[in-house]
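Participant: Structure file input.cif (mmCIF, C-alpha atoms) right here:
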```cif
data_model
loop_
_atom_site.label_atom_id
_atom_site.label_comp_id
_atom_site.auth_asym_id
_atom_site.auth_seq_id
_atom_site.Cartn_x
_atom_site.Cartn_y
_atom_site.Cartn_z
CA LYS A 3 10.93 6.72 -13.09
CA VAL A 4 13.05 8.72 -15.49
CA LYS A 5 12.62 11.76 -13.25
CA MET A 6 14.04 9.80 -10.33
CA LEU A 7 17.08 8.70 -12.31
CA HIS A 8 17.70 12.25 -13.50
CA ILE A 9 17.39 13.70 -10.00
CA PHE A 10 19.69 11.08 -8.42
CA THR A 11 22.24 11.55 -11.21
CA LEU A 12 22.17 15.35 -11.03
CA MET A 13 22.38 15.47 -7.24
CA THR A 14 25.21 12.93 -7.21
CA ILE A 15 27.20 14.92 -9.75
CA VAL A 16 26.64 18.14 -7.79
CA ALA A 17 27.61 16.41 -4.52
CA VAL A 18 30.80 14.91 -5.98
CA LEU A 19 31.85 18.18 -7.63
CA LEU A 20 31.20 20.19 -4.46
CA SER A 21 33.07 17.67 -2.30
CA LEU A 22 36.06 17.91 -4.63
CA TYR A 23 36.14 21.66 -5.28
CA ASN A 24 34.61 23.20 -2.16
CA PRO A 25 34.75 20.66 0.69
CA SER A 26 33.91 23.14 3.46
CA PHE A 27 30.71 24.28 1.73
CA TYR A 28 29.85 20.67 0.88
CA GLY A 29 30.28 19.73 4.54
CA ARG A 30 27.63 22.28 5.50
CA ILE A 31 25.00 21.17 2.95
CA GLU A 32 25.89 17.50 2.43
CA ILE A 33 22.98 16.05 4.40
CA ALA A 34 20.35 18.17 2.66
CA LEU A 35 21.93 17.66 -0.76
CA THR A 36 22.15 13.89 -0.50
CA ARG A 37 18.77 13.38 1.15
CA PHE A 38 16.78 15.46 -1.33
CA PRO A 39 16.52 12.67 -3.93
CA VAL A 40 15.27 10.23 -1.30
CA PHE A 41 12.71 12.79 -0.07
CA PHE A 42 11.58 13.23 -3.70
CA ALA A 43 11.31 9.44 -4.14
CA GLY A 44 9.15 9.25 -1.03
CA ALA A 45 6.92 12.04 -2.34
CA LEU A 46 6.45 10.18 -5.64
CA ILE A 47 5.62 6.95 -3.78
CA GLY A 48 3.14 8.85 -1.61
CA LYS A 49 1.51 10.42 -4.66
CA ALA A 50 1.21 7.05 -6.43
CA SER A 51 -0.27 5.52 -3.28
CA TYR A 52 -2.75 8.36 -2.89
CA GLN A 53 -3.82 7.88 -6.52
CA GLU A 54 -4.14 4.12 -5.84
CA LYS A 55 -1.79 3.21 -8.69
CA ARG A 56 -0.66 -0.39 -9.09
CA ILE A 57 2.82 -1.25 -7.90
CA SER A 58 5.28 -1.28 -10.80
CA TYR A 59 8.00 -3.78 -11.55
CA GLY A 60 10.47 -0.98 -10.87
CA SER A 61 9.21 -0.82 -7.29
CA TYR A 62 9.88 -4.52 -6.87
CA ALA A 63 13.36 -3.93 -8.30
CA VAL A 64 14.02 -1.21 -5.69
CA LEU A 65 12.94 -3.59 -2.94
CA ILE A 66 15.22 -6.36 -4.24
CA LEU A 67 18.11 -3.89 -4.60
CA ALA A 68 17.61 -2.73 -1.00
CA LEU A 69 17.65 -6.31 0.24
CA LEU A 70 20.86 -6.98 -1.69
CA VAL A 71 22.46 -3.82 -0.30
CA ILE A 72 21.51 -4.86 3.23
CA LEU A 73 23.20 -8.23 2.68
CA LEU A 74 26.29 -6.85 0.94
CA ARG A 75 26.78 -3.59 2.84
CA THR A 76 30.02 -2.91 4.60
CA THR A 77 30.55 0.12 6.77
CA SER A 78 30.86 3.17 4.60
CA LYS A 79 30.71 6.89 5.03
CA GLY A 80 29.81 9.82 2.88
CA LEU A 81 27.66 9.96 -0.22
CA LEU A 82 27.21 6.22 -0.66
CA SER A 83 26.08 5.70 2.93
CA ARG A 84 23.45 8.44 2.57
CA TYR A 85 22.02 6.76 -0.51
CA ILE A 86 22.09 3.35 1.17
CA VAL A 87 20.13 4.62 4.17
CA GLY A 88 17.73 6.39 1.82
CA LEU A 89 17.30 3.19 -0.14
CA TYR A 90 16.29 1.43 3.07
CA ALA A 91 13.62 4.05 3.74
CA VAL A 92 12.24 3.89 0.20
CA ALA A 93 12.27 0.08 0.31
CA PHE A 94 10.30 0.13 3.57
CA PHE A 95 7.52 2.18 1.99
CA VAL A 96 7.54 0.07 -1.18
CA LEU A 97 7.21 -3.03 1.00
CA LEU A 98 4.34 -1.41 2.91
CA ALA A 99 2.60 -0.56 -0.38
CA ILE A 100 3.10 -4.14 -1.64
CA VAL A 101 1.62 -5.57 1.57
CA LEU A 102 -1.38 -3.24 1.39
CA GLU A 103 -1.93 -4.08 -2.28
CA PHE A 104 -1.54 -7.80 -1.62
CA LEU A 105 -4.12 -7.65 1.14
CA ALA A 106 -6.46 -5.91 -1.34
CA CYS A 107 -7.00 -3.32 1.34
CA LYS A 108 -10.68 -2.43 1.42
CA GLY A 109 -13.14 -1.40 4.09
CA TRP A 110 -12.98 0.76 7.18
CA LYS A 111 -9.72 -0.74 8.53
CA CYS A 112 -7.90 0.11 5.33
CA ASN A 113 -9.40 3.59 5.21
CA PHE A 114 -8.27 4.13 8.79
CA LEU A 115 -4.72 2.99 7.90
CA LYS A 116 -4.69 5.21 4.81
CA LYS A 117 -5.80 8.21 6.88
CA ILE A 118 -2.99 7.58 9.38
CA LEU A 119 -0.43 7.30 6.57
CA GLU A 120 -1.78 10.46 4.89
CA TRP A 121 -1.58 12.32 8.21
CA LEU A 122 2.01 11.13 8.78
CA GLY A 123 2.87 12.08 5.20
CA SER A 124 1.64 15.61 5.82
CA TYR A 125 4.38 15.91 8.48
CA SER A 126 7.22 14.50 6.37
CA LEU A 127 9.09 17.79 5.87
CA GLU A 128 8.83 18.73 9.56
CA LEU A 129 9.91 15.22 10.56
CA TYR A 130 12.91 15.43 8.28
CA LEU A 131 14.01 18.82 9.60
CA THR A 132 13.56 18.02 13.28
CA HIS A 133 15.06 14.55 12.92
CA VAL A 134 18.28 15.85 11.33
CA ALA A 135 18.68 18.62 13.91
CA LEU A 136 17.93 16.38 16.90
CA ARG A 137 20.23 13.64 15.62
CA ARG A 138 23.12 16.10 15.43
CA ILE A 139 22.38 17.30 18.95
CA MET A 140 22.17 13.77 20.34
CA ILE A 141 25.43 12.74 18.70
CA GLY A 142 27.01 15.96 19.97
CA ILE A 143 26.10 15.19 23.56
CA GLY A 144 27.25 11.58 23.30
CA LEU A 145 24.01 9.67 22.69
CA PRO A 146 24.78 7.26 19.84
CA THR A 147 21.72 7.05 17.60
CA TYR A 148 22.77 3.68 16.22
CA ARG A 149 21.64 2.18 19.54
CA VAL A 150 17.98 1.19 19.53
CA ARG A 151 16.93 3.02 22.69
CA TYR A 152 18.51 6.31 21.60
CA TYR A 153 17.11 5.93 18.09
CA ALA A 154 13.65 5.32 19.57
CA LEU A 155 14.05 8.44 21.72
CA LEU A 156 15.15 10.36 18.62
CA MET A 157 12.06 9.23 16.71
CA VAL A 158 9.65 10.13 19.52
CA LEU A 159 11.25 13.55 20.06
CA SER A 160 11.34 14.20 16.29
CA PHE A 161 7.66 13.41 16.01
CA LEU A 162 6.68 15.61 18.96
CA LEU A 163 8.77 18.52 17.70
CA SER A 164 7.44 18.16 14.16
CA VAL A 165 3.87 18.41 15.43
CA MET A 166 4.81 21.62 17.30
CA VAL A 167 6.63 23.04 14.25
CA LYS A 168 3.64 22.28 12.00
CA LYS A 169 1.27 24.01 14.44
CA LEU A 170 3.55 27.08 14.51
CA THR A 171 3.82 27.30 10.72
CA VAL A 172 0.18 26.72 9.76
#
```
Show how you would write the structure in this file as structure tokens.

Facilitator:
Amino acid sequence: KVKMLHIFTLMTIVAVLLSLYNPSFYGRIEIALTRFPVFFAGALIGKASYQEKRISYGSYAVLILALLVILLRTTSKGLLSRYIVGLYAVAFFVLLAIVLEFLACKGWKCNFLKKILEWLGSYSLELYLTHVALRRIMIGIGLPTYRVRYYALLMVLSFLLSVMVKKLTV
């Protein structure tokens, strides 16, 4: 928990300083810089899930914070919007973990679900890389990814490309 706070604080300070003192360089690395803490949070959640740790009160707090942000969010750009979107992703996985824990997931169905989640987790870096690149391409050619059908296409293509990238790099 403290690690997460340190990472978010450090990355935010670096992002703000870079945006103020070297905006062109910041513009080239902004997505990677601001998404790293969220990627790290997801990795910690995945590790805790794999180790079958109980869900902490802090996890419930993240979920409540995400729900509040959804209700209170106005359109924003830049650093804050990256963290808000990341918070949504983290909240989704916290909610999934809460549901699985609540259901006292045992037996073959749960093992099957865990195997699927572990398999998807093993592709998280490739998914991230292909998703970011494809999203930029789609926006560049005029396919707005905020529309459900284009976002669905983006997700399917990202997944297919990430499987190919993983096969090439293993």

Participant: Please report the interatomic distance between CA of Lys168 in chain A and CA of Phe41 in chain A in Å with one decimal.

Facilitator: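 Separation of CA of Lys168 in chain A and CA of Phe41 in chain A: 17.8 Å.
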
Participant: Could you check which of A:Ala154, A:Ile9, A:Leu170, A:Leu35 is closest to Ser21 in chain A, using all atoms listed in the file?

Facilitator: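 Nearest to Ser21 in chain A: A:Leu35.
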
Participant: May I ask for the distance between CA of Ala93 in chain A and CA of Ala135 in chain A, given in Å to one decimal place?

Facilitator: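 Here the two named atoms are 23.9 Å from each other.
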
Participant: Please indicate the distance in Å from CA of Val165 in chain A to CA of Lys116 in chain A, rounded to one decimal place.

Facilitator: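 If I compute the distance from CA of Val165 in chain A to CA of Lys116 in chain A, I get 19.0 Å.
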
Participant: Around range 36-53 of chain A, with edges along x, y and z and 5 Å added on all six sides, what centre and edge lengths do you get, in Å to one decimal, as lines of an AutoDock Vina configuration file?

Facilitator:
```
center_x = 9.2
center_y = 10.5
center_z = -2.7
size_x = 36.0
size_y = 19.9
size_z = 17.7
```

Participant: So, with all atoms listed in the file as the atoms that count, which of A:Ala63, A:Ala34, A:Leu131, A:Met140 lies closest to Leu97 in chain A?

Facilitator: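 Smallest distance to Leu97 in chain A is found for A:Ala63.
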
Participant: Given only C-alpha atoms as the basis, pick out the residue of A:Lys55, A:Gly144, A:Tyr125, A:His133 nearest to Lys169 in chain A.

Facilitator: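 Of A:Lys55, A:Gly144, A:Tyr125, A:His133, the one nearest Lys169 in chain A, counting only C-alpha atoms, is A:Tyr125.
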
Participant: Of the candidates A:Met13, A:Val96, A:Val167, A:Leu156, which one gets nearest to Val134 in chain A if we count all atoms listed in the file?

Facilitator: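 The answer is A:Leu156, which sits nearest to Val134 in chain A.
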